[in-house]
>>> print(open('my_file26.pdb').read())   # PDB, C-alpha atoms
ATOM      1  CA  MET A   7       2.470  51.637   5.588
ATOM      2  CA  GLU A   8       0.111  53.581   3.377
ATOM      3  CA  THR A   9      -3.607  53.041   3.055
ATOM      4  CA  ASN A  10      -5.146  51.620  -0.088
ATOM      5  CA  ASN A  11      -6.232  54.421  -2.410
ATOM      6  CA  LYS A  12      -9.306  52.519  -3.525
ATOM      7  CA  LYS A  13     -12.681  53.466  -2.123
ATOM      8  CA  PRO A  14     -14.493  50.979   0.112
ATOM      9  CA  SER A  15     -17.045  48.988  -1.859
ATOM     10  CA  GLY A  16     -20.422  48.023  -0.432
ATOM     11  CA  LEU A  17     -20.589  50.764   2.174
ATOM     12  CA  LEU A  18     -24.002  52.400   1.896
ATOM     13  CA  ASN A  19     -24.728  56.084   2.508
ATOM     14  CA  VAL A  20     -21.041  56.903   2.117
ATOM     15  CA  GLN A  21     -21.246  60.665   2.562
ATOM     16  CA  THR A  22     -23.299  60.438   5.753
ATOM     17  CA  GLY A  23     -21.006  57.751   7.112
ATOM     18  CA  LYS A  24     -17.959  59.992   6.793
ATOM     19  CA  GLU A  25     -19.529  62.309   9.335
ATOM     20  CA  HIS A  26     -19.722  59.564  11.944
ATOM     21  CA  PHE A  27     -16.701  57.276  11.558
ATOM     22  CA  SER A  28     -13.395  56.788   9.762
ATOM     23  CA  LEU A  29     -12.557  53.728   7.684
ATOM     24  CA  ASP A  30      -8.962  52.969   6.670
ATOM     25  CA  LEU A  31      -7.932  50.149   4.341
ATOM     26  CA  TYR A  32      -4.416  48.701   4.198
ATOM     27  CA  PRO A  33      -2.924  46.187   1.742
ATOM     28  CA  PRO A  34      -1.278  42.986   3.004
ATOM     29  CA  SER A  35       2.367  42.052   2.645
ATOM     30  CA  PRO A  36       3.130  40.545  -0.786
ATOM     31  CA  GLU A  37       3.569  37.111   0.777
ATOM     32  CA  LEU A  38      -0.020  37.234   2.056
ATOM     33  CA  ASN A  39      -1.581  38.747  -1.035
ATOM     34  CA  LEU A  40      -2.876  35.384  -2.217
ATOM     35  CA  PHE A  41      -5.042  35.125   0.883
ATOM     36  CA  ILE A  42      -5.766  38.638   2.149
ATOM     37  CA  GLU A  43      -7.567  41.392   0.243
ATOM     38  CA  HIS A  44      -6.970  44.087   2.820
ATOM     39  CA  TYR A  45      -7.039  45.032   6.483
ATOM     40  CA  TRP A  46      -9.683  47.496   7.602
ATOM     41  CA  ILE A  47      -9.884  49.673  10.678
ATOM     42  CA  VAL A  48     -12.995  51.558  11.778
ATOM     43  CA  ASN A  49     -12.793  54.261  14.443
ATOM     44  CA  TRP A  50     -15.608  56.354  15.826
ATOM     45  CA  ASP A  51     -16.222  58.788  18.652
ATOM     46  CA  LEU A  52     -19.912  59.526  19.103
ATOM     47  CA  ARG A  53     -19.830  60.405  22.778
ATOM     48  CA  GLY A  54     -22.609  62.878  23.428
ATOM     49  CA  GLN A  55     -24.174  62.121  20.057
ATOM     50  CA  LYS A  56     -26.852  59.769  18.811
ATOM     51  CA  PRO A  57     -25.734  56.266  17.788
ATOM     52  CA  TYR A  58     -25.199  55.776  14.053
ATOM     53  CA  LEU A  59     -26.389  52.765  12.064
ATOM     54  CA  SER A  60     -23.800  51.828   9.437
ATOM     55  CA  GLU A  61     -25.210  49.741   6.559
ATOM     56  CA  ASN A  62     -23.190  47.502   4.268
ATOM     57  CA  LEU A  63     -23.649  45.222   1.282
ATOM     58  CA  PRO A  64     -21.346  42.258   1.885
ATOM     59  CA  HIS A  65     -18.886  40.752  -0.558
ATOM     60  CA  PRO A  66     -18.399  36.981  -0.974
ATOM     61  CA  SER A  67     -15.594  37.118   1.594
ATOM     62  CA  VAL A  68     -14.840  35.812   5.061
ATOM     63  CA  HIS A  69     -13.694  38.344   7.673
ATOM     64  CA  LEU A  70     -11.744  37.904  10.882
ATOM     65  CA  VAL A  71     -12.979  40.781  13.031
ATOM     66  CA  PHE A  72     -11.322  41.904  16.244
ATOM     67  CA  GLU A  73     -13.722  43.512  18.702
ATOM     68  CA  LYS A  74     -13.130  43.734  22.427
ATOM     69  CA  ASN A  75     -14.318  40.497  24.049
ATOM     70  CA  GLN A  76     -16.165  39.312  20.946
ATOM     71  CA  SER A  77     -13.673  38.719  18.139
ATOM     72  CA  SER A  78     -15.232  36.456  15.525
ATOM     73  CA  ILE A  79     -14.964  34.808  12.149
ATOM     74  CA  TYR A  80     -17.763  36.095   9.920
ATOM     75  CA  GLY A  81     -18.753  33.885   7.014
ATOM     76  CA  VAL A  82     -20.253  35.336   3.854
ATOM     77  CA  VAL A  83     -23.335  37.388   4.717
ATOM     78  CA  MET A  84     -26.141  36.908   2.210
ATOM     79  CA  LYS A  85     -28.110  40.090   2.924
ATOM     80  CA  LYS A  86     -27.446  43.693   3.840
ATOM     81  CA  PHE A  87     -26.104  43.961   7.362
ATOM     82  CA  SER A  88     -26.038  46.846   9.807
ATOM     83  CA  ILE A  89     -23.740  47.785  12.683
ATOM     84  CA  LEU A  90     -24.789  50.206  15.419
ATOM     85  CA  LEU A  91     -21.942  52.544  16.351
ATOM     86  CA  GLU A  92     -22.249  54.257  19.713
ATOM     87  CA  GLU A  93     -20.026  55.981  22.238
ATOM     88  CA  LYS A  94     -16.373  55.409  21.218
ATOM     89  CA  GLY A  95     -14.753  52.373  19.676
ATOM     90  CA  THR A  96     -12.420  50.640  17.273
ATOM     91  CA  VAL A  97     -12.873  47.535  15.160
ATOM     92  CA  PHE A  98     -10.000  45.860  13.330
ATOM     93  CA  GLY A  99     -10.779  43.491  10.480
ATOM     94  CA  ILE A 100      -9.013  41.139   8.090
ATOM     95  CA  LYS A 101     -10.822  40.640   4.808
ATOM     96  CA  PHE A 102      -9.895  37.359   3.145
ATOM     97  CA  ARG A 103     -10.119  37.071  -0.609
ATOM     98  CA  PRO A 104     -13.108  35.019  -1.785
ATOM     99  CA  GLY A 105     -12.230  31.368  -1.314
ATOM    100  CA  ALA A 106      -9.029  32.138   0.578
ATOM    101  CA  PHE A 107     -10.178  31.235   4.080
ATOM    102  CA  TYR A 108     -10.738  27.596   3.168
ATOM    103  CA  PRO A 109      -7.005  26.667   3.052
ATOM    104  CA  PHE A 110      -6.588  27.902   6.641
ATOM    105  CA  VAL A 111      -9.271  25.642   8.087
ATOM    106  CA  GLN A 112      -9.904  22.920   5.472
ATOM    107  CA  LYS A 113     -13.642  23.052   6.137
ATOM    108  CA  SER A 114     -16.333  23.699   3.566
ATOM    109  CA  MET A 115     -17.177  27.389   3.593
ATOM    110  CA  ASP A 116     -20.930  26.823   3.288
ATOM    111  CA  HIS A 117     -20.824  25.860   6.994
ATOM    112  CA  PHE A 118     -19.628  29.403   7.759
ATOM    113  CA  THR A 119     -22.090  31.271   5.538
ATOM    114  CA  GLY A 120     -24.273  33.633   7.552
ATOM    115  CA  GLN A 121     -22.486  32.671  10.767
ATOM    116  CA  ALA A 122     -20.460  34.616  13.312
ATOM    117  CA  ILE A 123     -18.176  32.122  15.043
ATOM    118  CA  PRO A 124     -15.980  33.077  18.010
ATOM    119  CA  SER A 125     -12.409  33.168  16.736
ATOM    120  CA  GLN A 126     -11.261  30.951  19.619
ATOM    121  CA  ASN A 127     -13.476  28.173  18.272
ATOM    122  CA  ILE A 128     -11.417  28.157  15.075
ATOM    123  CA  PHE A 129      -7.893  29.119  16.109
ATOM    124  CA  GLY A 130      -7.836  28.289  19.793
ATOM    125  CA  GLU A 131      -7.025  30.239  22.919
ATOM    126  CA  MET A 132      -4.106  32.067  21.297
ATOM    127  CA  MET A 133      -6.731  34.389  19.811
ATOM    128  CA  ASN A 134      -7.285  35.899  23.270
ATOM    129  CA  GLU A 135      -3.661  37.030  23.289
ATOM    130  CA  PHE A 136      -3.902  38.488  19.799
ATOM    131  CA  GLU A 137      -7.105  40.343  20.633
ATOM    132  CA  SER A 138      -5.515  41.845  23.749
ATOM    133  CA  GLY A 139      -2.451  42.759  21.727
ATOM    134  CA  ILE A 140      -4.456  44.482  19.002
ATOM    135  CA  PHE A 141      -6.343  46.680  21.440
ATOM    136  CA  SER A 142      -3.256  47.533  23.446
ATOM    137  CA  LEU A 143      -1.999  49.399  20.366
ATOM    138  CA  THR A 144      -3.022  52.752  18.941
ATOM    139  CA  ASP A 145      -0.707  52.865  15.937
ATOM    140  CA  GLN A 146      -2.431  51.270  12.966
ATOM    141  CA  LYS A 147       0.792  50.007  11.389
ATOM    142  CA  GLU A 148       1.644  48.198  14.610
ATOM    143  CA  MET A 149      -1.831  46.639  14.660
ATOM    144  CA  ILE A 150      -1.320  45.333  11.140
ATOM    145  CA  ASP A 151       2.178  44.054  11.948
ATOM    146  CA  LEU A 152       0.725  42.073  14.843
ATOM    147  CA  ALA A 153      -2.082  40.668  12.671
ATOM    148  CA  GLU A 154       0.413  39.642  10.006
ATOM    149  CA  SER A 155       2.616  37.891  12.550
ATOM    150  CA  PHE A 156      -0.411  35.799  13.459
ATOM    151  CA  LEU A 157      -1.242  35.073   9.808
ATOM    152  CA  PHE A 158       2.345  34.090   9.014
ATOM    153  CA  SER A 159       2.244  31.661  11.940
ATOM    154  CA  ILE A 160      -0.689  29.780  10.368
ATOM    155  CA  ILE A 161      -0.165  30.421   6.644
ATOM    156  CA  PRO A 162      -1.223  27.337   4.639
ATOM    157  CA  ASN A 163       0.536  25.686   1.748
ATOM    158  CA  LYS A 164      -0.057  26.890  -1.782
ATOM    159  CA  ASP A 165      -3.443  25.763  -3.075
ATOM    160  CA  GLU A 166      -3.792  25.444  -6.845
ATOM    161  CA  THR A 167      -7.580  25.358  -6.626
ATOM    162  CA  LEU A 168      -7.495  28.710  -4.842
ATOM    163  CA  LEU A 169      -5.615  30.195  -7.787
ATOM    164  CA  GLN A 170      -8.397  28.926 -10.038
ATOM    165  CA  ILE A 171     -11.034  30.454  -7.756
ATOM    166  CA  HIS A 172      -9.197  33.782  -7.874
ATOM    167  CA  ALA A 173      -9.193  33.749 -11.673
ATOM    168  CA  ILE A 174     -12.918  32.964 -11.795
ATOM    169  CA  ILE A 175     -13.783  35.653  -9.241
ATOM    170  CA  GLU A 176     -11.728  38.272 -11.067
ATOM    171  CA  LYS A 177     -13.519  37.455 -14.317
ATOM    172  CA  MET A 178     -16.885  37.768 -12.585
ATOM    173  CA  LYS A 179     -15.935  41.156 -11.139
ATOM    174  CA  SER A 180     -14.287  42.750 -14.135
ATOM    175  CA  ASP A 181     -16.169  41.485 -17.184
ATOM    176  CA  PRO A 182     -19.641  43.055 -17.562
ATOM    177  CA  LEU A 183     -20.474  40.443 -20.197
ATOM    178  CA  ILE A 184     -20.420  37.729 -17.520
ATOM    179  CA  ASN A 185     -24.017  37.623 -16.272
ATOM    180  CA  THR A 186     -24.753  33.915 -15.839
ATOM    181  CA  VAL A 187     -23.047  30.828 -14.478
ATOM    182  CA  GLU A 188     -23.181  29.423 -17.993
ATOM    183  CA  ASP A 189     -21.019  32.344 -19.170
ATOM    184  CA  ILE A 190     -18.350  31.439 -16.608
ATOM    185  CA  SER A 191     -18.728  27.731 -17.360
ATOM    186  CA  GLU A 192     -18.042  28.327 -21.031
ATOM    187  CA  TYR A 193     -15.137  30.708 -20.444
ATOM    188  CA  PHE A 194     -13.259  28.399 -18.030
ATOM    189  CA  HIS A 195     -14.358  25.114 -19.659
ATOM    190  CA  LEU A 196     -15.857  23.876 -16.399
ATOM    191  CA  SER A 197     -19.284  22.334 -15.981
ATOM    192  CA  VAL A 198     -21.916  24.273 -14.058
ATOM    193  CA  ARG A 199     -21.996  21.470 -11.510
ATOM    194  CA  THR A 200     -18.230  21.674 -10.995
ATOM    195  CA  LEU A 201     -18.456  25.440 -10.469
ATOM    196  CA  GLN A 202     -21.248  25.021  -7.957
ATOM    197  CA  ARG A 203     -19.276  22.422  -6.062
ATOM    198  CA  LEU A 204     -16.113  24.550  -6.014
ATOM    199  CA  PHE A 205     -17.956  27.637  -4.792
ATOM    200  CA  LYS A 206     -19.824  25.735  -2.087
ATOM    201  CA  LYS A 207     -16.544  24.397  -0.734
ATOM    202  CA  TYR A 208     -14.260  27.407  -1.141
ATOM    203  CA  VAL A 209     -16.541  30.473  -1.169
ATOM    204  CA  GLY A 210     -19.663  29.399   0.709
ATOM    205  CA  VAL A 211     -22.232  30.696  -1.773
ATOM    206  CA  ASN A 212     -23.206  29.678  -5.285
ATOM    207  CA  PRO A 213     -21.593  31.326  -8.343
ATOM    208  CA  LYS A 214     -24.876  32.867  -9.505
ATOM    209  CA  TRP A 215     -25.125  34.773  -6.222
ATOM    210  CA  VAL A 216     -21.541  36.015  -6.602
ATOM    211  CA  ILE A 217     -22.084  37.314 -10.137
ATOM    212  CA  ARG A 218     -25.277  39.123  -9.209
ATOM    213  CA  ARG A 219     -23.768  40.533  -6.019
ATOM    214  CA  TYR A 220     -20.800  42.069  -7.823
ATOM    215  CA  ARG A 221     -23.115  43.732 -10.325
ATOM    216  CA  LEU A 222     -25.325  45.145  -7.565
ATOM    217  CA  LEU A 223     -22.280  46.294  -5.593
ATOM    218  CA  GLU A 224     -21.111  48.183  -8.653
ATOM    219  CA  VAL A 225     -24.493  49.879  -8.986
ATOM    220  CA  ALA A 226     -24.699  50.746  -5.268
ATOM    221  CA  ASP A 227     -21.178  52.192  -5.344
ATOM    222  CA  GLN A 228     -22.028  54.312  -8.388
ATOM    223  CA  LEU A 229     -25.182  55.612  -6.723
ATOM    224  CA  SER A 230     -23.350  56.332  -3.452
ATOM    225  CA  ASN A 231     -20.723  58.361  -5.273
ATOM    226  CA  GLY A 232     -23.231  60.217  -7.444
ATOM    227  CA  HIS A 233     -22.165  58.685 -10.760
ATOM    228  CA  PRO A 234     -25.009  56.424 -11.879
ATOM    229  CA  GLN A 235     -25.297  55.212 -15.449
ATOM    230  CA  PRO A 236     -28.581  55.627 -17.341
ATOM    231  CA  TRP A 237     -31.102  53.062 -16.044
ATOM    232  CA  GLN A 238     -31.336  51.229 -19.334
ATOM    233  CA  GLN A 239     -27.558  50.763 -19.398
ATOM    234  CA  LEU A 240     -27.487  49.565 -15.791
ATOM    235  CA  VAL A 241     -30.242  47.050 -16.432
ATOM    236  CA  ALA A 242     -28.458  45.731 -19.514
ATOM    237  CA  ASP A 243     -25.081  45.484 -17.771
ATOM    238  CA  LEU A 244     -26.636  43.513 -14.932
ATOM    239  CA  GLY A 245     -28.212  41.034 -17.307
ATOM    240  CA  TYR A 246     -31.789  41.830 -16.302
ATOM    241  CA  TYR A 247     -34.608  41.460 -18.782
ATOM    242  CA  ASP A 248     -36.392  44.589 -17.616
ATOM    243  CA  GLN A 249     -35.999  47.547 -15.278
ATOM    244  CA  SER A 250     -38.748  46.499 -12.865
ATOM    245  CA  HIS A 251     -36.993  43.187 -12.140
ATOM    246  CA  PHE A 252     -33.758  45.039 -11.398
ATOM    247  CA  ILE A 253     -35.536  47.504  -9.086
ATOM    248  CA  ARG A 254     -37.176  44.645  -7.153
ATOM    249  CA  ASP A 255     -33.809  42.940  -6.647
ATOM    250  CA  PHE A 256     -32.112  46.171  -5.595
ATOM    251  CA  LYS A 257     -34.859  46.957  -3.100
ATOM    252  CA  SER A 258     -34.866  43.413  -1.687
ATOM    253  CA  ILE A 259     -31.151  43.743  -0.861
ATOM    254  CA  VAL A 260     -30.655  47.430  -0.059
ATOM    255  CA  GLY A 261     -34.093  47.973   1.476
ATOM    256  CA  ARG A 262     -34.932  50.941  -0.748
ATOM    257  CA  SER A 263     -35.518  51.475  -4.446
ATOM    258  CA  PRO A 264     -32.613  53.002  -6.401
ATOM    259  CA  GLU A 265     -34.385  56.370  -6.525
ATOM    260  CA  GLU A 266     -35.028  56.319  -2.765
ATOM    261  CA  TYR A 267     -31.421  55.333  -2.125
ATOM    262  CA  ILE A 268     -30.110  58.217  -4.250
ATOM    263  CA  ARG A 269     -32.305  60.720  -2.381
ATOM    264  CA  LYS A 270     -31.087  59.491   0.999
ATOM    265  CA  SER A 271     -27.459  59.434  -0.113
ATOM    266  CA  ILE A 272     -27.401  63.031  -1.306
TER
END
>>> encode(input="my_file26.pdb", output="structure tokens")
Amino acid sequence: METNNKKPSGLLNVQTGKEHFSLDLYPPSPELNLFIEHYWIVNWDLRGQKPYLSENLPHPSVHLVFEKNQSSIYGVVMKKFSILLEEKGTVFGIKFRPGAFYPFVQKSMDHFTGQAIPSQNIFGEMMNEFESGIFSLTDQKEMIDLAESFLFSIIPNKDETLLQIHAIIEKMKSDPLINTVEDISEYFHLSVRTLQRLFKKYVGVNPKWVIRRYRLLEVADQLSNGHPQPWQQLVADLGYYDQSHFIRDFKSIVGRSPEEYIRKSI
């Protein structure tokens, strides 16, 4: 199984991070593609070194994260989150597509937002066996095969609403002209209230947040990789009225102004 060739999105301070840990992304089997965006595996060995604080801008996705003795379901995280890496370790994660965790549990995703819930609370004691199995392996393909065997054992029926959510999310991500919920409402011929209700149930956050987050993720990724657009173009693409408003939003989420972030990332 080969890794995805796409770069991880939302990972801050990319160049510095490469010096402290490895991150591998793997695509799911075709039969699971409707539900799973990718598997991710982080490895680090910082024995004899200072701990490293990895910072991330989250996507509107739910993750099932396997960590020794603390495997959890992570709902959508609203703000930047940080993970302290120290000594030596491995974390294995399953990133669900936005909206795609709902069919597995049939519970409104807004109850999961901002929460880390022990995986046993959702899927029962069998998760202990899967966690032990994951960390008994060193081969990444075998880890993914084991995770997929679990997912195939609980795969839900086809959900037509999920297909609709996927189409809406893809439009939000790929079309720079989509800057407001009203834009999406008009394009898909759905009322704003219907969109809000769908996103609360399936995604866990409102559609306005999702649109703005994808735009900011795009900017952060450009800055991290040293390919920023001119500020005026960035501000226009994000749908901001002025540059100062954009800078305030960026700083409120990333913790630094765009200029400060670029300096630290170089």
>>> resolve_selection(input="my_file26.pdb", expression="the PyMOL selection byres ((chain A and resi 45-47) around 6)", output="PyMOL selection string")
chain A and resi 29-32+44+48+97-100
>>> write_last_selection(input="my_file26.pdb", atoms="C-alpha atoms", output="compact mmCIF listing (two decimals), keeping the file's coordinate frame")
# COMPACT_ATOMS: atom_id res chain seq x y z
CA LEU A 29 -12.56 53.73 7.68
CA ASP A 30 -8.96 52.97 6.67
CA LEU A 31 -7.93 50.15 4.34
CA TYR A 32 -4.42 48.70 4.20
CA HIS A 44 -6.97 44.09 2.82
CA VAL A 48 -13.00 51.56 11.78
CA VAL A 97 -12.87 47.54 15.16
CA PHE A 98 -10.00 45.86 13.33
CA GLY A 99 -10.78 43.49 10.48
CA ILE A 100 -9.01 41.14 8.09
>>> residues_around(input="my_file26.pdb", residues="stretch 122-138 of chain A", least_positions_apart="4", cutoff="7 Å", atoms="all atoms listed in the file", output="MDAnalysis selection string")
chainID A and resid 72 76:81 142
>>> closest_residue(input="my_file26.pdb", among="A:Phe141, A:Phe156, A:Tyr208, A:Phe87", to="A:Val68", atoms="all atoms listed in the file")
A:Tyr208
>>> closest_atom_pairs(input="my_file26.pdb", of="stretch 28-147 of chain A", to="stretch 185-205 of chain A", cutoff="12 Å", atoms="all atoms listed in the file", output="JSON lines")
{"residue": "A:Pro66", "atom": "CA", "partner": "A:Phe205", "partner_atom": "CA", "distance": 10.1}
{"residue": "A:Ser67", "atom": "CA", "partner": "A:Phe205", "partner_atom": "CA", "distance": 11.7}
{"residue": "A:Val82", "atom": "CA", "partner": "A:Phe205", "partner_atom": "CA", "distance": 11.8}
{"residue": "A:Pro104", "atom": "CA", "partner": "A:Phe205", "partner_atom": "CA", "distance": 9.3}
{"residue": "A:Gly105", "atom": "CA", "partner": "A:Phe205", "partner_atom": "CA", "distance": 7.7}
{"residue": "A:Ala106", "atom": "CA", "partner": "A:Phe205", "partner_atom": "CA", "distance": 11.3}
{"residue": "A:Tyr108", "atom": "CA", "partner": "A:Phe205", "partner_atom": "CA", "distance": 10.7}
{"residue": "A:Ser114", "atom": "CA", "partner": "A:Phe205", "partner_atom": "CA", "distance": 9.4}
{"residue": "A:Met115", "atom": "CA", "partner": "A:Phe205", "partner_atom": "CA", "distance": 8.4}
{"residue": "A:Asp116", "atom": "CA", "partner": "A:Phe205", "partner_atom": "CA", "distance": 8.6}
{"residue": "A:Thr119", "atom": "CA", "partner": "A:Phe205", "partner_atom": "CA", "distance": 11.7}
>>> atom_distance(input="my_file26.pdb", atom1="atom CA of A:Pro109", atom2="atom CA of A:Ile42")
12.1 Å
>>> resolve_selection(input="my_file26.pdb", expression="the PyMOL selection byres ((chain A and resi 35-41) around 7)", output="PyMOL selection string")
chain A and resi 33-34+42-43+102-103+106
>>> closest_residue(input="my_file26.pdb", among="A:Asp255, A:Asp181, A:Asp248, A:Glu93", to="A:Lys56", atoms="only C-alpha atoms")
A:Glu93
>>> residues_around(input="my_file26.pdb", residues="A:Leu90", least_positions_apart="4", cutoff="8 Å", atoms="all atoms listed in the file", output="ChimeraX atom specification")
/A:57-60
>>> residues_near_point(input="my_file26.pdb", point="(-23.7, 43.2, 3.6)", cutoff="7 Å", atoms="only C-alpha atoms", output="PyMOL selection string")
chain A and resi 62-65+83-87
>>> atom_distance(input="my_file26.pdb", atom1="atom CA of A:Gly16", atom2="atom CA of A:Lys177")
18.8 Å
>>> closest_residue(input="my_file26.pdb", among="A:Lys179, A:Lys101, A:His69, A:Lys94", to="A:His26", atoms="all atoms listed in the file")
A:Lys94
>>> atom_distance(input="my_file26.pdb", atom1="atom CA of A:Phe27", atom2="atom CA of A:Gly120")
25.1 Å
>>> resolve_selection(input="my_file26.pdb", expression="the PyMOL selection byres ((chain A and resi 163) around 9)", output="PyMOL selection string")
chain A and resi 109-110+161-162+164-165
>>> closest_residue(input="my_file26.pdb", among="A:Lys257, A:Lys206, A:Arg262, A:Arg221", to="A:His117", atoms="only C-alpha atoms")
A:Lys206
>>> residues_around(input="my_file26.pdb", residues="A:Ser15", least_positions_apart="5", cutoff="8 Å", atoms="all atoms listed in the file", output="MDAnalysis selection string")
chainID A and resid 223:224 227
>>> decode(input="my_file26.pdb", residues="stretch 119-195 of chain A", atoms="C-alpha atoms", output="PDB file, in the first residue's frame")
ATOM      1  CA  THR A 119     -17.873  18.678  18.700  1.00  0.00           C
ATOM      2  CA  GLY A 120     -14.901  19.665  20.843  1.00  0.00           C
ATOM      3  CA  GLN A 121     -15.044  16.354  22.706  1.00  0.00           C
ATOM      4  CA  ALA A 122     -12.606  13.481  23.119  1.00  0.00           C
ATOM      5  CA  ILE A 123     -14.664  10.397  23.946  1.00  0.00           C
ATOM      6  CA  PRO A 124     -13.067   7.061  24.871  1.00  0.00           C
ATOM      7  CA  SER A 125     -13.576   4.751  21.907  1.00  0.00           C
ATOM      8  CA  GLN A 126     -14.970   2.033  24.189  1.00  0.00           C
ATOM      9  CA  ASN A 127     -17.859   4.342  25.059  1.00  0.00           C
ATOM     10  CA  ILE A 128     -18.906   4.318  21.403  1.00  0.00           C
ATOM     11  CA  PHE A 129     -17.932   0.900  20.070  1.00  0.00           C
ATOM     12  CA  GLY A 130     -17.701  -1.196  23.203  1.00  0.00           C
ATOM     13  CA  GLU A 131     -15.014  -3.357  24.733  1.00  0.00           C
ATOM     14  CA  MET A 132     -13.912  -4.765  21.371  1.00  0.00           C
ATOM     15  CA  MET A 133     -11.927  -1.541  20.972  1.00  0.00           C
ATOM     16  CA  ASN A 134      -9.477  -2.778  23.622  1.00  0.00           C
ATOM     17  CA  GLU A 135      -8.632  -5.721  21.378  1.00  0.00           C
ATOM     18  CA  PHE A 136      -8.194  -3.514  18.330  1.00  0.00           C
ATOM     19  CA  GLU A 137      -5.970  -1.089  20.219  1.00  0.00           C
ATOM     20  CA  SER A 138      -3.767  -3.943  21.442  1.00  0.00           C
ATOM     21  CA  GLY A 139      -3.662  -5.347  17.930  1.00  0.00           C
ATOM     22  CA  ILE A 140      -2.639  -2.041  16.370  1.00  0.00           C
ATOM     23  CA  PHE A 141       0.274  -1.545  18.737  1.00  0.00           C
ATOM     24  CA  SER A 142       1.445  -5.126  18.444  1.00  0.00           C
ATOM     25  CA  LEU A 143       2.287  -4.356  14.804  1.00  0.00           C
ATOM     26  CA  THR A 144       5.169  -2.410  13.312  1.00  0.00           C
ATOM     27  CA  ASP A 145       4.282  -2.739   9.638  1.00  0.00           C
ATOM     28  CA  GLN A 146       2.040   0.140   8.627  1.00  0.00           C
ATOM     29  CA  LYS A 147       0.173  -1.847   5.974  1.00  0.00           C
ATOM     30  CA  GLU A 148      -0.716  -4.458   8.575  1.00  0.00           C
ATOM     31  CA  MET A 149      -1.963  -1.718  10.908  1.00  0.00           C
ATOM     32  CA  ILE A 150      -4.231  -0.394   8.178  1.00  0.00           C
ATOM     33  CA  ASP A 151      -5.466  -3.887   7.284  1.00  0.00           C
ATOM     34  CA  LEU A 152      -6.456  -4.405  10.913  1.00  0.00           C
ATOM     35  CA  ALA A 153      -8.221  -1.024  11.072  1.00  0.00           C
ATOM     36  CA  GLU A 154     -10.116  -1.796   7.879  1.00  0.00           C
ATOM     37  CA  SER A 155     -11.229  -5.174   9.196  1.00  0.00           C
ATOM     38  CA  PHE A 156     -12.776  -3.320  12.118  1.00  0.00           C
ATOM     39  CA  LEU A 157     -14.436  -0.743   9.849  1.00  0.00           C
ATOM     40  CA  PHE A 158     -15.840  -3.427   7.549  1.00  0.00           C
ATOM     41  CA  SER A 159     -17.342  -5.141  10.596  1.00  0.00           C
ATOM     42  CA  ILE A 160     -19.386  -2.020  11.430  1.00  0.00           C
ATOM     43  CA  ILE A 161     -19.849  -0.410   8.003  1.00  0.00           C
ATOM     44  CA  PRO A 162     -23.292   1.251   7.807  1.00  0.00           C
ATOM     45  CA  ASN A 163     -25.800   1.157   4.999  1.00  0.00           C
ATOM     46  CA  LYS A 164     -25.593   3.657   2.176  1.00  0.00           C
ATOM     47  CA  ASP A 165     -26.807   7.082   3.274  1.00  0.00           C
ATOM     48  CA  GLU A 166     -28.142   9.358   0.540  1.00  0.00           C
ATOM     49  CA  THR A 167     -27.909  12.414   2.778  1.00  0.00           C
ATOM     50  CA  LEU A 168     -24.206  11.716   3.249  1.00  0.00           C
ATOM     51  CA  LEU A 169     -23.733  11.853  -0.516  1.00  0.00           C
ATOM     52  CA  GLN A 170     -25.390  15.268  -0.470  1.00  0.00           C
ATOM     53  CA  ILE A 171     -23.112  16.413   2.358  1.00  0.00           C
ATOM     54  CA  HIS A 172     -20.082  15.256   0.374  1.00  0.00           C
ATOM     55  CA  ALA A 173     -21.175  17.278  -2.650  1.00  0.00           C
ATOM     56  CA  ILE A 174     -21.711  20.395  -0.530  1.00  0.00           C
ATOM     57  CA  ILE A 175     -18.363  20.019   1.248  1.00  0.00           C
ATOM     58  CA  GLU A 176     -16.503  19.522  -2.025  1.00  0.00           C
ATOM     59  CA  LYS A 177     -18.074  22.683  -3.433  1.00  0.00           C
ATOM     60  CA  MET A 178     -17.065  24.616  -0.322  1.00  0.00           C
ATOM     61  CA  LYS A 179     -13.479  23.374  -0.597  1.00  0.00           C
ATOM     62  CA  SER A 180     -12.900  23.745  -4.307  1.00  0.00           C
ATOM     63  CA  ASP A 181     -14.838  26.831  -5.383  1.00  0.00           C
ATOM     64  CA  PRO A 182     -13.207  30.101  -4.240  1.00  0.00           C
ATOM     65  CA  LEU A 183     -16.389  31.955  -5.187  1.00  0.00           C
ATOM     66  CA  ILE A 184     -18.244  30.216  -2.345  1.00  0.00           C
ATOM     67  CA  ASN A 185     -17.755  32.561   0.617  1.00  0.00           C
ATOM     68  CA  THR A 186     -21.137  32.587   2.362  1.00  0.00           C
ATOM     69  CA  VAL A 187     -23.827  30.129   3.364  1.00  0.00           C
ATOM     70  CA  GLU A 188     -26.147  31.982   1.012  1.00  0.00           C
ATOM     71  CA  ASP A 189     -23.823  31.078  -1.882  1.00  0.00           C
ATOM     72  CA  ILE A 190     -24.153  27.380  -1.031  1.00  0.00           C
ATOM     73  CA  SER A 191     -27.889  27.739  -0.424  1.00  0.00           C
ATOM     74  CA  GLU A 192     -28.390  29.182  -3.884  1.00  0.00           C
ATOM     75  CA  TYR A 193     -26.141  26.660  -5.624  1.00  0.00           C
ATOM     76  CA  PHE A 194     -27.804  23.569  -4.085  1.00  0.00           C
ATOM     77  CA  HIS A 195     -31.331  25.043  -3.904  1.00  0.00           C
TER      78      HIS A 195
END
